[in-house]
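A.B. asks: First, the structure itself, so that you have it in front of you.
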Amino acid sequence: MTRWGRALRLWFAPQHLGEEGETPDYRFSLANERTFLAWIRTALALVGGGFAVDQFLPDLRWGVRVGLAVALLAAGALCALRAVSHWVRCERAMRRGEDLPLSGFPTLLSLLVGLVAVAMLVIVVLDRAG
């Protein structure tokens with residue numbers, strides 16, 4: 001099985017993590033799970049924000065409204081997928097006694113959310129001025 005195949009298998013069959021190294025202190029596994037849940041809450045908030053933009057800002061031009069909604073929905077989907085990927089990678093690293101994996105995803109997510117926030121700020125200011 002390829003490296004990607006083994007990693008993806010752990011998404012759907014986490015019991016195979018037991019084959020990776022030694023069981024870490026349960027407190028670390030529970031902390032990893034809490035981090036996963038925080039990422040899922042963030043994903044749900046982004047998805048909710050995407051739907052809110054689409055449903056509650058009908059006065060925006062169609063392209064702007066859909067663009068902002070799609071950006072938030074895509075960020076939510078990526079965040080949810082990244083949550084499970086990060087959980088598995090951290091659990092494997094802890095079991096193997098390796099350093100925890102580093103990721104540029106938080107930076108990417110922050111930039112995307114920041115860009116959407118700036119775009120919405122410009123829209124609000126222009127709407128108030130006009």
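Labels used: A, B, ... for chains in the order of the structure tokens, numbers from 1 for residues in each chain, and numbers from 1 for ligands as shown.
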For Leu37 in chain A, please output as a PyMOL selection string all residues within 10 Å (counting only C-alpha atoms; exclusion window: fewer than 5 positions along the same chain).
C.D. replies: chain A and resi 31-32+42-43+80+83-84+87
A.B. asks: My list of candidates is A:Glu98, A:Asp59, A:Asp54, A:Glu91. Which is closest to Tyr26 in chain A when distances are computed with only C-alpha atoms?
C.D. replies: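 Of A:Glu98, A:Asp59, A:Asp54, A:Glu91, the one nearest Tyr26 in chain A, counting only C-alpha atoms, is A:Glu91.
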A.B. asks: Apply DSSP to the structure's backbone, then extract all residues of chain A labelled helix (DSSP H, G or I) and return them as JSON, numbers by chain.
C.D. replies: {"A": [3, 4, 5, 6, 7, 8, 9, 10, 11, 12, 14, 15, 16, 17, 18, 19, 26, 27, 28, 29, 30, 31, 32, 33, 34, 35, 36, 37, 38, 39, 40, 41, 42, 43, 44, 45, 46, 47, 48, 49, 50, 51, 52, 53, 54, 55, 56, 62, 63, 64, 65, 66, 67, 68, 69, 70, 71, 72, 73, 74, 75, 76, 77, 78, 79, 80, 81, 82, 83, 84, 85, 86, 87, 88, 89, 90, 91, 92, 93, 94, 95, 96, 105, 106, 107, 108, 109, 110, 111, 112, 113, 114, 115, 116, 117, 118, 119, 120, 121, 122, 123, 124, 125, 126, 127, 128, 129]}
A.B. asks: For the atom pair CA of Phe51 in chain A and CA of Ile123 in chain A, what is the interatomic distance in Å to one decimal place?
C.D. replies: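 Taking CA of Phe51 in chain A and CA of Ile123 in chain A, their separation equals 17.4 Å.
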A.B. asks: Taking 6 positions as the minimum chain separation for residues in the same chain, which residues sit within 9 Å of Cys79 in chain A when counting only C-alpha atoms? Answer as an MDAnalysis selection string.
C.D. replies: chainID A and resid 39:40 42:44 46 105 109
A.B. asks: A:Arg82, A:Arg34, A:Arg6, A:Arg61: which is nearest Glu20 in chain A, counting only C-alpha atoms?
C.D. replies: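 Checking each of A:Arg82, A:Arg34, A:Arg6, A:Arg61 against Glu20 in chain A, counting only C-alpha atoms, the winner is A:Arg6.
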A.B. asks: Can you tell me, as a list in words, what residues are no more than 9 Å from range 63-65 of chain A when counting only C-alpha atoms, ignoring any on the same chain fewer than 5 positions away?
C.D. replies: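 In the requested format, the answer is Val53, Asp54, Leu57, Pro58 and Val70 of chain A.
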A.B. asks: Counting only C-alpha atoms, which of A:Leu115, A:Pro106, A:Leu8, A:Val47 gets nearest to Ala77 in chain A?
C.D. replies: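 Closest to Ala77 in chain A, using only C-alpha atoms: A:Val47.
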A.B. asks: Interatomic distance between CA of Asp99 in chain A and CA of Thr23 in chain A?
C.D. replies: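 Those two atoms sit 15.3 Å apart.
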A.B. asks: Name the closest residue to Glu19 in chain A among the candidates A:Leu78, A:Thr107, A:Ala129, A:Arg92; distances are taken between atoms, counting only C-alpha atoms.
C.D. replies: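 Of A:Leu78, A:Thr107, A:Ala129, A:Arg92, the one nearest Glu19 in chain A is A:Arg92, counting only C-alpha atoms.
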A.B. asks: Which residues come within 9 Å of Arg89 in chain A, counting only C-alpha atoms, excluding same-chain residues fewer than 5 positions away, as a PyMOL selection string?
C.D. replies: chain A and resi 7+84+94+100-101
A.B. asks: Can you pull out the residues contacting Val113 in chain A? Cut-off 9 Å, using only C-alpha atoms, and skip same-chain residues under 2 positions away; I want them as a PyMOL selection string.
C.D. replies: chain A and resi 46+71-72+75+108-111+115-118
A.B. asks: Return the single residue from A:Leu126, A:Met120, A:Leu81, A:Ala93 that is closest to Gly49 in chain A, with distances computed using only C-alpha atoms.
C.D. replies: A:Met120
A.B. asks: Distance CA of Arg27 in chain A-CA of Arg9 in chain A, one decimal place?
C.D. replies: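 Atom-to-atom, CA of Arg27 in chain A to CA of Arg9 in chain A, that is 24.2 Å.
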